[in-house]
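Enquirer: Sharing structure18.txt below, compact mmCIF, C-alpha atoms:
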```txt
# COMPACT_ATOMS: atom_id res chain seq x y z
CA MET A 1 34.44 -12.55 -30.77
CA ALA A 2 36.04 -9.67 -28.91
CA LYS A 3 33.80 -6.74 -28.12
CA HIS A 4 34.89 -3.13 -28.28
CA ASP A 5 33.47 0.07 -26.90
CA ILE A 6 31.87 1.88 -29.80
CA VAL A 7 30.48 5.35 -29.17
CA PRO A 8 28.21 6.55 -31.98
CA ASP A 9 28.97 10.03 -33.25
CA ASP A 10 25.55 11.34 -32.19
CA VAL A 11 25.79 10.15 -28.56
CA PRO A 12 27.38 12.62 -26.10
CA THR A 13 30.01 10.69 -24.18
CA ASP A 14 29.61 12.93 -21.14
CA ASP A 15 26.05 11.62 -20.59
CA LEU A 16 26.31 9.01 -17.84
CA ALA A 17 23.36 6.91 -18.97
CA ASP A 18 24.69 6.75 -22.51
CA ARG A 19 28.15 5.78 -21.30
CA VAL A 20 26.60 2.97 -19.26
CA ARG A 21 24.63 1.81 -22.31
CA ASN A 22 27.81 1.77 -24.30
CA GLY A 23 29.56 -0.29 -21.64
CA LEU A 24 26.72 -2.80 -21.51
CA ARG A 25 27.55 -3.82 -25.06
CA ASP A 26 30.23 -5.93 -23.40
CA VAL A 27 27.60 -8.05 -21.66
CA GLU A 28 26.29 -10.97 -23.68
CA ASP A 29 22.70 -12.24 -23.69
CA PRO A 30 23.09 -15.95 -22.82
CA ASP A 31 19.86 -16.83 -24.60
CA LEU A 32 19.86 -14.93 -27.90
CA GLY A 33 23.53 -14.09 -28.20
CA GLY A 34 24.72 -10.61 -29.04
CA ASP A 35 24.86 -7.93 -26.38
CA VAL A 36 22.09 -7.25 -23.89
CA LEU A 37 21.12 -4.01 -25.62
CA GLU A 38 20.96 -5.47 -29.09
CA SER A 39 18.85 -8.41 -27.90
CA GLY A 40 16.45 -6.21 -25.98
CA LEU A 41 17.26 -7.79 -22.61
CA VAL A 42 18.12 -4.33 -21.24
CA THR A 43 15.05 -2.20 -21.86
CA ASP A 44 16.03 1.08 -20.25
CA VAL A 45 18.95 2.89 -18.61
CA SER A 46 18.53 6.04 -16.55
CA ALA A 47 20.94 8.03 -14.42
CA ASP A 48 20.55 10.57 -11.66
CA GLU A 49 23.92 12.02 -10.69
CA GLY A 50 25.97 8.95 -9.73
CA THR A 51 23.05 6.52 -9.45
CA VAL A 52 22.16 4.35 -12.43
CA ARG A 53 19.01 2.26 -12.81
CA ILE A 54 18.84 -0.44 -15.45
CA ALA A 55 15.58 -2.14 -16.45
CA ALA A 56 16.04 -5.71 -17.70
CA ASP A 57 13.59 -8.26 -19.06
CA LEU A 58 14.57 -11.49 -17.30
CA ALA A 59 11.43 -13.41 -18.15
CA GLY A 60 12.18 -16.90 -19.37
CA PHE A 61 15.52 -17.30 -17.57
CA ASP A 62 15.88 -19.79 -14.76
CA GLU A 63 16.97 -18.26 -11.45
CA PRO A 64 20.71 -19.08 -11.64
CA THR A 65 20.98 -17.64 -15.17
CA ALA A 66 18.98 -14.57 -14.25
CA GLU A 67 21.23 -14.02 -11.24
CA ASP A 68 24.40 -14.32 -13.35
CA VAL A 69 23.10 -11.92 -16.00
CA THR A 70 21.94 -9.41 -13.41
CA GLU A 71 25.28 -9.44 -11.65
CA ALA A 72 27.17 -9.07 -14.96
CA ILE A 73 25.06 -6.04 -15.87
CA ARG A 74 25.59 -4.44 -12.45
CA ARG A 75 29.35 -5.01 -12.46
CA ARG A 76 29.73 -3.57 -15.94
CA ALA A 77 27.68 -0.52 -15.01
CA LEU A 78 29.72 0.03 -11.83
CA ALA A 79 32.88 -0.12 -13.94
CA THR A 80 31.73 2.96 -15.84
CA PRO A 81 33.51 6.12 -14.61
CA GLY A 82 31.13 8.33 -12.65
CA VAL A 83 28.80 5.51 -11.51
CA GLU A 84 28.59 5.31 -7.74
CA ARG A 85 25.60 2.98 -7.44
CA ALA A 86 23.85 0.72 -9.95
CA THR A 87 20.63 -1.24 -9.60
CA VAL A 88 19.01 -3.65 -12.01
CA GLU A 89 15.22 -3.76 -11.99
CA GLY A 90 13.68 -6.85 -13.52
CA ASP A 91 10.44 -6.67 -15.46
CA ALA A 92 7.77 -8.95 -14.02
CA PRO A 93 8.38 -12.43 -15.51
CA ASP A 94 6.11 -13.90 -18.13
CA ALA A 95 5.85 -16.93 -15.88
CA ALA A 96 3.56 -15.07 -13.50
CA THR A 97 1.06 -17.60 -12.25
CA ASP A 98 -2.16 -18.20 -14.08
CA ASP A 99 -3.93 -17.50 -10.78
CA GLU A 100 -3.30 -13.79 -11.17
CA ILE A 101 -6.39 -11.97 -12.39
CA ASP A 102 -6.36 -8.54 -13.96
CA GLY A 103 -8.82 -6.11 -12.46
CA PRO A 104 -11.73 -4.97 -14.64
CA ALA A 105 -10.45 -2.00 -16.62
CA GLY A 106 -13.34 0.28 -15.75
CA VAL A 107 -13.66 -0.56 -12.04
CA ASP A 108 -12.05 1.89 -9.62
CA THR A 109 -12.50 0.12 -6.26
CA VAL A 110 -13.12 -3.52 -5.30
CA ILE A 111 -14.51 -4.24 -1.81
CA ALA A 112 -14.77 -7.81 -0.51
CA VAL A 113 -17.34 -8.79 2.11
CA ALA A 114 -16.47 -11.94 4.05
CA SER A 115 -17.47 -13.92 7.09
CA ALA A 116 -15.85 -16.78 8.96
CA LYS A 117 -19.16 -18.55 9.49
CA GLY A 118 -22.28 -19.11 7.46
CA GLY A 119 -25.57 -17.75 8.69
CA VAL A 120 -24.28 -14.42 10.01
CA GLY A 121 -25.96 -12.37 7.28
CA LYS A 122 -22.95 -11.82 5.05
CA THR A 123 -24.89 -11.73 1.78
CA THR A 124 -27.52 -9.43 3.28
CA VAL A 125 -24.78 -7.05 4.41
CA SER A 126 -22.88 -7.14 1.10
CA THR A 127 -26.03 -6.57 -0.95
CA GLN A 128 -27.28 -3.75 1.27
CA LEU A 129 -23.80 -2.20 1.26
CA ALA A 130 -23.81 -2.21 -2.55
CA ARG A 131 -27.29 -0.67 -2.60
CA ALA A 132 -26.22 2.01 -0.11
CA LEU A 133 -23.11 2.85 -2.12
CA ALA A 134 -25.26 3.09 -5.26
CA ALA A 135 -27.70 5.42 -3.47
CA ASP A 136 -25.23 8.18 -4.29
CA SER A 137 -26.51 9.18 -7.74
CA ASP A 138 -23.01 10.09 -8.86
CA ARG A 139 -21.67 6.56 -8.33
CA ASP A 140 -22.03 3.44 -10.47
CA VAL A 141 -21.86 0.29 -8.35
CA GLY A 142 -21.88 -3.45 -9.05
CA ILE A 143 -22.05 -6.61 -6.97
CA PHE A 144 -20.27 -9.87 -7.79
CA ASP A 145 -21.69 -12.96 -6.06
CA ALA A 146 -18.64 -15.22 -5.66
CA ASP A 147 -20.35 -17.59 -3.22
CA LEU A 148 -20.41 -20.65 -5.48
CA TYR A 149 -22.19 -22.96 -3.06
CA GLY A 150 -24.82 -20.51 -1.87
CA PRO A 151 -25.32 -17.80 -4.52
CA ASN A 152 -28.17 -15.90 -2.86
CA VAL A 153 -27.73 -12.43 -4.35
CA PRO A 154 -30.14 -13.14 -7.25
CA GLU A 155 -32.83 -14.17 -4.76
CA LEU A 156 -32.35 -11.08 -2.59
CA LEU A 157 -32.48 -8.75 -5.58
CA ASP A 158 -35.17 -10.77 -7.38
CA LEU A 159 -32.98 -11.39 -10.43
CA GLU A 160 -33.32 -14.10 -13.06
CA GLY A 161 -31.06 -15.38 -15.83
CA PRO A 162 -30.09 -16.37 -18.32
CA VAL A 163 -27.04 -14.17 -18.73
CA SER A 164 -26.43 -12.91 -22.25
CA ALA A 165 -23.11 -12.17 -23.95
CA ASN A 166 -22.03 -8.99 -25.70
CA ALA A 167 -20.36 -8.74 -29.11
CA GLU A 168 -16.96 -9.54 -27.56
CA GLY A 169 -18.30 -12.69 -25.93
CA ASN A 170 -18.24 -11.28 -22.38
CA ALA A 171 -21.10 -11.87 -19.96
CA GLU A 172 -23.44 -8.93 -19.51
CA PRO A 173 -24.28 -8.23 -15.85
CA ILE A 174 -27.95 -8.05 -14.91
CA ASP A 175 -29.50 -4.66 -14.28
CA ALA A 176 -30.77 -4.52 -10.69
CA GLY A 177 -32.09 -0.99 -10.46
CA ASP A 178 -29.21 1.21 -9.31
CA LEU A 179 -26.89 -1.82 -9.34
CA THR A 180 -25.37 -4.14 -11.89
CA ALA A 181 -25.05 -7.71 -10.66
CA MET A 182 -23.39 -10.97 -11.64
CA SER A 183 -23.69 -14.31 -9.88
CA VAL A 184 -22.94 -17.92 -10.69
CA GLY A 185 -26.54 -18.45 -9.60
CA LEU A 186 -27.63 -16.63 -12.75
CA ILE A 187 -25.72 -19.15 -14.84
CA ALA A 188 -26.42 -22.38 -12.98
CA ASN A 189 -30.23 -22.01 -13.26
CA ASP A 190 -30.78 -23.32 -9.72
CA GLU A 191 -28.91 -26.55 -10.46
CA PRO A 192 -26.89 -27.93 -7.51
CA LEU A 193 -23.23 -26.91 -7.59
CA ALA A 194 -20.52 -29.40 -6.63
CA TRP A 195 -17.39 -27.79 -8.03
CA ARG A 196 -14.16 -28.34 -6.17
CA GLY A 197 -10.54 -27.25 -6.31
CA ALA A 198 -9.46 -26.06 -9.73
CA MET A 199 -13.04 -26.13 -11.05
CA ALA A 200 -14.17 -23.73 -8.33
CA HIS A 201 -11.21 -21.41 -8.89
CA GLU A 202 -11.82 -21.42 -12.62
CA ALA A 203 -15.47 -20.55 -12.10
CA VAL A 204 -14.61 -17.56 -9.88
CA SER A 205 -11.76 -16.23 -11.99
CA GLU A 206 -13.44 -16.63 -15.37
CA LEU A 207 -16.73 -15.12 -14.26
CA PHE A 208 -14.90 -12.18 -12.66
CA GLU A 209 -12.71 -11.57 -15.69
CA ASP A 210 -15.27 -12.27 -18.38
CA THR A 211 -18.05 -10.03 -17.10
CA ALA A 212 -18.49 -6.76 -18.97
CA TRP A 213 -18.68 -4.62 -15.85
CA GLY A 214 -18.31 -1.33 -17.70
CA ASP A 215 -17.28 1.78 -15.78
CA LEU A 216 -17.95 1.30 -12.07
CA ASP A 217 -16.89 3.37 -9.11
CA THR A 218 -17.16 0.35 -6.81
CA LEU A 219 -17.60 -3.41 -7.16
CA VAL A 220 -18.69 -5.28 -4.02
CA VAL A 221 -17.63 -8.96 -3.95
CA ASP A 222 -19.70 -11.32 -1.80
CA LEU A 223 -17.24 -14.09 -0.82
CA PRO A 224 -18.19 -17.57 0.40
CA PRO A 225 -18.16 -18.08 4.18
CA GLY A 226 -15.11 -19.55 5.89
CA THR A 227 -11.43 -19.51 5.01
CA GLY A 228 -11.37 -22.20 2.33
CA ASP A 229 -9.81 -22.44 -1.11
CA ILE A 230 -12.21 -20.10 -2.89
CA VAL A 231 -11.72 -17.35 -0.33
CA LEU A 232 -7.93 -17.79 -0.43
CA THR A 233 -8.00 -17.75 -4.25
CA ALA A 234 -9.98 -14.52 -4.19
CA LEU A 235 -7.60 -12.85 -1.74
CA GLN A 236 -4.53 -13.85 -3.72
CA SER A 237 -5.85 -13.10 -7.18
CA LEU A 238 -8.63 -10.51 -7.18
CA PRO A 239 -7.52 -6.85 -7.00
CA ILE A 240 -9.23 -6.18 -3.65
CA ASP A 241 -8.80 -2.67 -2.26
CA GLY A 242 -10.36 -3.40 1.12
CA ALA A 243 -12.37 -6.00 2.99
CA VAL A 244 -15.37 -5.81 5.30
CA LEU A 245 -15.86 -8.64 7.81
CA VAL A 246 -19.29 -9.68 9.07
CA SER A 247 -19.87 -11.26 12.47
CA THR A 248 -22.58 -11.64 15.08
CA PRO A 249 -21.71 -10.55 18.64
CA HIS A 250 -21.48 -14.18 19.76
CA PRO A 251 -17.98 -14.97 21.12
CA THR A 252 -17.62 -18.04 18.89
CA SER A 253 -18.47 -16.02 15.78
CA VAL A 254 -16.02 -13.28 16.78
CA ASP A 255 -13.31 -15.87 17.44
CA ASP A 256 -13.81 -17.40 14.00
CA THR A 257 -13.82 -13.93 12.44
CA SER A 258 -10.41 -13.29 13.96
CA ARG A 259 -9.06 -16.15 11.85
CA SER A 260 -10.55 -14.55 8.76
CA ALA A 261 -8.91 -11.26 9.72
CA THR A 262 -5.55 -13.02 10.03
CA LEU A 263 -5.98 -14.62 6.59
CA PHE A 264 -6.69 -11.25 5.00
CA GLU A 265 -3.76 -9.59 6.72
CA GLU A 266 -1.37 -12.39 5.73
CA ASN A 267 -2.37 -11.84 2.11
CA GLY A 268 -1.91 -8.09 2.27
CA VAL A 269 -5.57 -7.14 1.87
CA PRO A 270 -6.44 -4.03 3.92
CA LEU A 271 -9.20 -4.62 6.46
CA LEU A 272 -11.73 -1.80 6.55
CA GLY A 273 -13.48 -3.05 9.65
CA THR A 274 -16.27 -5.26 10.94
CA VAL A 275 -20.04 -5.16 10.66
CA VAL A 276 -21.66 -6.55 13.80
CA ASN A 277 -24.91 -8.05 12.54
CA MET A 278 -27.95 -9.05 14.60
CA ARG A 279 -26.74 -7.04 17.58
CA GLY A 280 -30.24 -7.21 19.11
CA PHE A 281 -33.86 -6.38 18.51
CA THR A 282 -36.52 -4.06 19.83
CA CYS A 283 -39.84 -5.66 20.67
CA GLU A 284 -43.23 -4.04 20.17
CA CYS A 285 -43.19 -2.81 23.76
CA GLY A 286 -40.10 -0.76 23.00
CA ARG A 287 -37.66 -2.78 25.09
CA GLU A 288 -34.32 -3.77 23.57
CA HIS A 289 -33.16 -7.37 23.77
CA ASP A 290 -29.84 -9.07 23.03
CA LEU A 291 -29.78 -12.18 20.85
CA PHE A 292 -26.27 -13.28 21.76
CA PRO A 293 -23.82 -12.96 24.66
CA ASP A 294 -22.08 -9.62 24.32
CA THR A 295 -18.47 -9.34 23.13
CA ASP A 296 -16.20 -6.33 22.69
CA VAL A 297 -15.77 -6.95 18.96
CA GLU A 298 -13.50 -4.00 18.31
CA ARG A 299 -11.09 -5.05 21.05
CA GLU A 300 -11.13 -8.74 20.14
CA LEU A 301 -10.48 -8.16 16.45
CA ASP A 302 -8.36 -5.02 16.79
CA GLN A 303 -10.40 -3.59 13.92
CA PRO A 304 -12.91 -0.73 13.90
CA VAL A 305 -16.60 -1.61 14.06
CA LEU A 306 -18.12 0.03 11.00
CA CYS A 307 -21.69 -0.35 12.23
CA GLU A 308 -23.98 -2.50 14.35
CA LEU A 309 -27.09 -3.76 12.57
CA PRO A 310 -30.18 -4.78 14.50
CA PHE A 311 -32.18 -7.94 13.95
CA ASP A 312 -34.89 -6.07 12.14
CA GLU A 313 -37.00 -6.64 9.07
CA ARG A 314 -35.89 -3.25 7.70
CA VAL A 315 -32.32 -4.55 7.26
CA ARG A 316 -33.66 -7.46 5.22
CA ASP A 317 -35.92 -5.28 3.09
CA PHE A 318 -34.68 -4.95 -0.49
CA GLY A 319 -37.48 -2.72 -1.70
CA ASP A 320 -37.14 0.85 -2.87
CA ASP A 321 -35.74 2.36 0.33
CA VAL A 322 -32.21 1.65 1.53
CA PRO A 323 -32.03 1.19 5.33
CA ALA A 324 -30.53 4.19 7.12
CA GLU A 325 -28.13 1.89 8.99
CA THR A 326 -26.56 0.68 5.75
CA ILE A 327 -26.29 4.24 4.43
CA ASP A 328 -24.19 4.90 7.53
CA LEU A 329 -22.21 1.73 6.76
CA ALA A 330 -21.46 2.98 3.24
CA ASP A 331 -20.20 6.28 4.64
CA ALA A 332 -17.96 4.44 7.13
CA VAL A 333 -16.57 2.23 4.36
CA ARG A 334 -15.72 5.26 2.21
CA GLU A 335 -13.93 6.90 5.12
CA ARG A 336 -11.93 3.76 5.85
CA LEU A 337 -10.98 3.41 2.19
CA GLU A 338 -9.47 6.88 2.39
CA ASP A 339 -7.63 5.95 5.60
CA VAL A 340 -6.07 2.84 4.09
CA GLY A 341 -5.87 4.41 0.65
CA ASP A 342 -3.33 3.49 -1.95
CA LEU A 343 0.27 3.91 -0.87
CA SER A 344 1.71 6.54 -3.17
CA VAL A 345 4.86 5.25 -4.84
CA PRO A 346 7.42 7.65 -6.35
CA ASP A 347 9.08 7.01 -9.68
CA HIS A 348 12.41 6.30 -7.99
CA ALA A 349 11.02 3.31 -6.02
CA LEU A 350 13.23 0.22 -6.28
CA ASP A 351 11.40 -2.38 -8.40
CA LEU A 352 12.62 -5.87 -7.50
CA ARG A 353 10.06 -7.86 -9.46
CA GLY A 354 11.55 -10.52 -11.68
CA LEU A 355 14.97 -10.48 -10.03
CA PRO A 356 16.56 -13.54 -8.37
CA LYS A 357 16.23 -13.62 -4.59
CA PRO A 358 19.92 -12.96 -3.73
CA ILE A 359 19.97 -9.97 -6.06
CA ARG A 360 16.78 -8.58 -4.56
CA HIS A 361 18.22 -8.66 -1.06
CA GLU A 362 21.56 -7.18 -2.14
CA GLN A 363 20.00 -4.32 -4.05
CA ALA A 364 17.45 -3.54 -1.34
CA THR A 365 20.21 -3.36 1.25
CA GLU A 366 22.44 -1.23 -0.95
CA GLU A 367 19.64 1.22 -1.77
CA PHE A 368 18.50 1.47 1.84
CA ARG A 369 22.05 2.21 3.04
CA ALA A 370 22.12 5.14 0.62
CA THR A 371 18.88 6.60 2.00
CA GLU A 372 19.45 9.67 4.14
CA PRO A 373 18.00 9.85 7.68
CA GLY A 374 14.52 11.31 7.48
CA GLU A 375 13.93 10.01 3.94
CA THR A 376 11.50 7.25 3.00
CA PHE A 377 12.74 4.21 1.10
CA TYR A 378 10.27 2.55 -1.28
CA LEU A 379 10.52 -0.83 -2.95
CA ILE A 380 8.15 -2.84 -5.15
CA ASN A 381 8.09 -6.63 -5.07
CA ASP A 382 5.96 -9.41 -6.56
CA HIS A 383 5.27 -10.95 -3.14
CA ASP A 384 5.15 -9.77 0.47
CA PRO A 385 8.47 -7.95 1.12
CA SER A 386 8.04 -7.83 4.92
CA PRO A 387 10.87 -10.34 5.57
CA LEU A 388 13.27 -7.86 3.96
CA ALA A 389 12.65 -5.42 6.81
CA ALA A 390 14.80 -7.41 9.23
CA GLU A 391 17.65 -7.47 6.70
CA LEU A 392 17.43 -3.71 6.26
CA VAL A 393 17.62 -3.24 10.02
CA ALA A 394 20.73 -5.39 10.19
CA ALA A 395 22.24 -3.53 7.26
CA VAL A 396 22.23 -0.11 8.87
CA GLY A 397 21.54 -0.69 12.56
CA ARG A 398 24.47 -0.46 14.94
CA ASP A 399 23.33 -3.43 16.96
CA GLY A 400 20.55 -4.81 14.79
CA SER A 401 17.74 -3.18 16.77
CA PRO A 402 14.93 -1.61 14.74
CA GLY A 403 15.34 1.76 16.43
CA ASP A 404 18.75 2.21 14.87
CA ALA A 405 17.36 1.88 11.37
CA PHE A 406 13.70 2.84 11.35
CA GLU A 407 10.77 3.03 13.69
CA GLU A 408 8.21 1.38 11.45
CA TYR A 409 7.49 0.28 7.94
CA GLU A 410 4.35 -0.08 5.87
CA VAL A 411 3.51 -2.83 3.41
CA ARG A 412 0.64 -2.58 0.98
CA ARG A 413 -0.56 -5.03 -1.65
CA ARG A 414 -1.61 -3.10 -4.76
CA GLY A 415 -2.30 -6.04 -7.05
CA PRO A 416 -1.84 -9.79 -7.45
CA ASP A 417 1.88 -9.39 -8.16
CA GLU A 418 2.60 -5.90 -6.82
CA TRP A 419 3.51 -5.25 -3.19
CA VAL A 420 4.94 -1.97 -1.93
CA MET A 421 7.03 -1.43 1.18
CA ALA A 422 7.72 2.07 2.51
CA VAL A 423 10.42 2.41 5.19
CA SER A 424 11.05 5.73 6.91
CA ARG A 425 14.73 5.95 7.78
```
Could you quickly redo this structure as structure tokens?
Expert:
Amino acid sequence: MAKHDIVPDDVPTDDLADRVRNGLRDVEDPDLGGDVLESGLVTDVSADEGTVRIAADLAGFDEPTAEDVTEAIRRRALATPGVERATVEGDAPDAATDDEIDGPAGVDTVIAVASAKGGVGKTTVSTQLARALAADSDRDVGIFDADLYGPNVPELLDLEGPVSANAEGNAEPIDAGDLTAMSVGLIANDEPLAWRGAMAHEAVSELFEDTAWGDLDTLVVDLPPGTGDIVLTALQSLPIDGAVLVSTPHPTSVDDTSRSATLFEENGVPLLGTVVNMRGFTCECGREHDLFPDTDVERELDQPVLCELPFDERVRDFGDDVPAETIDLADAVRERLEDVGDLSVPDHALDLRGLPKPIRHEQATEEFRATEPGETFYLINDHDPSPLAAELVAAVGRDGSPGDAFEEYEVRRRGPDEWVMAVSR
């Protein structure tokens, strides 16, 4: 059936967005039939002078079909008089992986505490950090013990199960004084845990999602040691705002911690810094002694040292008083969170989520070319967009060198399927 441009009487034809909408009635939805407006495939059209942005729901299409539909929408929009540039922004697909976990609605900030090796005091540091953060009477803080094979938080805080459920069927965290706490150790009742693979992931994700955390300023997550599947699952799925690494000064421990740092960076999780635990001890005579060979941790890891904790009973005391050293650690963590704080994204950022790969690259290049020198170009993607940086350089650089296009770019992961790249032209 032939299609015709039909302009309703109540739509001003001199409005660019409305004229584009009218033109898109010529583009057919390959799935439901009818035009892309009638079927709901195009969800929004906006225009700013000669630039038009079209939001499209491409969920459910395979990549070739999505690419064809996207290109048809763009071409039809560009054929509208007055349109100089047109971009299609795809809504995140329904097929987003089941591994993606929504953050607890009432939790503002999630901090992960990790270590490359066991036995470095990771759980002690994470629990004391949570206690120190909660020492501020204006802040509500929780701790999530995600160490499936060694859930020691209940022991440190002297907590016992069983965990009860609320009216909605969600697990109620245990009250631990100024903290709220949840651990698989509160569910397993001291039984040995031998979960692997999908079972382990399911345990972490379900317990994280199904706990009724309430309104918290901060949730500290105590991750298992190492760089195994559970840690990788947490980095790729939990909405982590920043990570604290724990290491002893021993060169081997620092070397292993560097691999953890690389894993976090590769998954877009901001590193807040390192806690150097068991730096040394002071004997009764007042002399200080080292426990390990000394290493320049800050230089080796290229990360700030948040604090150095002594081998001292006070650090392992979970009584009423919070050690002064961990109060200082909490202050350092807050400062670092501000330093690596959320990358502010303007409304005009190019959202590439849900679009086929060739279309993403084409639109990113086209938008970046149109950015004026001195402006910042923002794009949103559902995975790390760093590889696009080289293409943007080639698109506008005279000889392909970064200096011709931009001096630097910043990438920030804001959620399981939301990455932001900011490029200053």
Enquirer: Kindly assemble as JSON lines a list of the segment 98-189 of chain A residues that lie within 9 Å of segment 210-234 of chain A, each paired with its nearest atom pair and their distance in Å to one decimal, using all atoms listed in the file, sorted first by chain and then by ascending residue number.
Expert:
```
{"residue": "A:Asp99", "atom": "CA", "partner": "A:Thr233", "partner_atom": "CA", "distance": 7.7}
{"residue": "A:Pro104", "atom": "CA", "partner": "A:Trp213", "partner_atom": "CA", "distance": 7.1}
{"residue": "A:Ala105", "atom": "CA", "partner": "A:Asp215", "partner_atom": "CA", "distance": 7.9}
{"residue": "A:Gly106", "atom": "CA", "partner": "A:Asp215", "partner_atom": "CA", "distance": 4.2}
{"residue": "A:Val107", "atom": "CA", "partner": "A:Leu216", "partner_atom": "CA", "distance": 4.7}
{"residue": "A:Asp108", "atom": "CA", "partner": "A:Asp217", "partner_atom": "CA", "distance": 5.1}
{"residue": "A:Thr109", "atom": "CA", "partner": "A:Thr218", "partner_atom": "CA", "distance": 4.7}
{"residue": "A:Val110", "atom": "CA", "partner": "A:Leu219", "partner_atom": "CA", "distance": 4.9}
{"residue": "A:Ile111", "atom": "CA", "partner": "A:Val220", "partner_atom": "CA", "distance": 4.8}
{"residue": "A:Ala112", "atom": "CA", "partner": "A:Val221", "partner_atom": "CA", "distance": 4.6}
{"residue": "A:Val113", "atom": "CA", "partner": "A:Asp222", "partner_atom": "CA", "distance": 5.2}
{"residue": "A:Ala114", "atom": "CA", "partner": "A:Leu223", "partner_atom": "CA", "distance": 5.4}
{"residue": "A:Ser115", "atom": "CA", "partner": "A:Pro225", "partner_atom": "CA", "distance": 5.1}
{"residue": "A:Ala116", "atom": "CA", "partner": "A:Gly226", "partner_atom": "CA", "distance": 4.2}
{"residue": "A:Lys117", "atom": "CA", "partner": "A:Pro225", "partner_atom": "CA", "distance": 5.4}
{"residue": "A:Gly118", "atom": "CA", "partner": "A:Pro225", "partner_atom": "CA", "distance": 5.4}
{"residue": "A:Gly119", "atom": "CA", "partner": "A:Pro225", "partner_atom": "CA", "distance": 8.7}
{"residue": "A:Lys122", "atom": "CA", "partner": "A:Asp222", "partner_atom": "CA", "distance": 7.6}
{"residue": "A:Thr123", "atom": "CA", "partner": "A:Asp222", "partner_atom": "CA", "distance": 6.3}
{"residue": "A:Ser126", "atom": "CA", "partner": "A:Asp222", "partner_atom": "CA", "distance": 6.0}
{"residue": "A:Thr127", "atom": "CA", "partner": "A:Asp222", "partner_atom": "CA", "distance": 8.0}
{"residue": "A:Leu129", "atom": "CA", "partner": "A:Val220", "partner_atom": "CA", "distance": 8.0}
{"residue": "A:Ala130", "atom": "CA", "partner": "A:Val220", "partner_atom": "CA", "distance": 6.1}
{"residue": "A:Leu133", "atom": "CA", "partner": "A:Thr218", "partner_atom": "CA", "distance": 8.0}
{"residue": "A:Ala134", "atom": "CA", "partner": "A:Thr218", "partner_atom": "CA", "distance": 8.7}
{"residue": "A:Arg139", "atom": "CA", "partner": "A:Asp217", "partner_atom": "CA", "distance": 5.8}
{"residue": "A:Asp140", "atom": "CA", "partner": "A:Leu216", "partner_atom": "CA", "distance": 4.9}
{"residue": "A:Val141", "atom": "CA", "partner": "A:Thr218", "partner_atom": "CA", "distance": 4.9}
{"residue": "A:Gly142", "atom": "CA", "partner": "A:Leu219", "partner_atom": "CA", "distance": 4.7}
{"residue": "A:Ile143", "atom": "CA", "partner": "A:Val220", "partner_atom": "CA", "distance": 4.7}
{"residue": "A:Phe144", "atom": "CA", "partner": "A:Val221", "partner_atom": "CA", "distance": 4.7}
{"residue": "A:Asp145", "atom": "CA", "partner": "A:Asp222", "partner_atom": "CA", "distance": 5.0}
{"residue": "A:Ala146", "atom": "CA", "partner": "A:Leu223", "partner_atom": "CA", "distance": 5.2}
{"residue": "A:Asp147", "atom": "CA", "partner": "A:Pro224", "partner_atom": "CA", "distance": 4.2}
{"residue": "A:Leu148", "atom": "CA", "partner": "A:Pro224", "partner_atom": "CA", "distance": 7.0}
{"residue": "A:Tyr149", "atom": "CA", "partner": "A:Pro224", "partner_atom": "CA", "distance": 7.6}
{"residue": "A:Gly150", "atom": "CA", "partner": "A:Pro224", "partner_atom": "CA", "distance": 7.6}
{"residue": "A:Pro151", "atom": "CA", "partner": "A:Pro224", "partner_atom": "CA", "distance": 8.7}
{"residue": "A:Val153", "atom": "CA", "partner": "A:Asp222", "partner_atom": "CA", "distance": 8.5}
{"residue": "A:Ala165", "atom": "CA", "partner": "A:Ala212", "partner_atom": "CA", "distance": 8.7}
{"residue": "A:Asn166", "atom": "CA", "partner": "A:Ala212", "partner_atom": "CA", "distance": 7.9}
{"residue": "A:Gly169", "atom": "CA", "partner": "A:Asp210", "partner_atom": "CA", "distance": 8.1}
{"residue": "A:Asn170", "atom": "CA", "partner": "A:Asp210", "partner_atom": "CA", "distance": 5.1}
{"residue": "A:Ala171", "atom": "CA", "partner": "A:Thr211", "partner_atom": "CA", "distance": 4.6}
{"residue": "A:Glu172", "atom": "CA", "partner": "A:Ala212", "partner_atom": "CA", "distance": 5.4}
{"residue": "A:Pro173", "atom": "CA", "partner": "A:Thr211", "partner_atom": "CA", "distance": 6.6}
{"residue": "A:Thr180", "atom": "CA", "partner": "A:Trp213", "partner_atom": "CA", "distance": 7.8}
{"residue": "A:Ala181", "atom": "CA", "partner": "A:Trp213", "partner_atom": "CA", "distance": 8.8}
{"residue": "A:Met182", "atom": "CA", "partner": "A:Thr211", "partner_atom": "CA", "distance": 7.7}
```
Enquirer: So that I can see what lies close to Leu78 of chain A, please list as a count of residues only the residues with an atom at most 12 Å from it, counting all atoms listed in the file and leaving out residues fewer than 5 positions away in the same chain.
Expert: 21
Enquirer: Between atom CA of Val125 of chain A and atom CA of Ala324 of chain A, what is the spacing in Å?
Expert: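 Atom CA of Ala324 of chain A sits 12.9 Å away from atom CA of Val125 of chain A.
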Enquirer: Hey, what's within 9 Å of segment 253-267 of chain A if we count only C-alpha atoms and toss same-chain stuff fewer than 3 positions away? As a list in words, please?
Expert: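 Everything that qualifies: Ala114, Ser115, Ala116, Lys117, Val120, Gly226, Thr227, Leu232, Leu235, Gln236, Ala243, Leu245, Val246, Ser247, Thr248, Pro249, His250, Pro270, Leu271, Thr295, Val297, Glu300, Leu301, Asp302, Gln303, Asp384 and Arg413 of chain A.
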Enquirer: Near segment 334-340 of chain A, within 7 Å and counting all atoms listed in the file, which residues show up once chain neighbours fewer than 4 positions away are dropped, as a PyMOL selection string?
Expert: chain A and resi 242+270+272+330
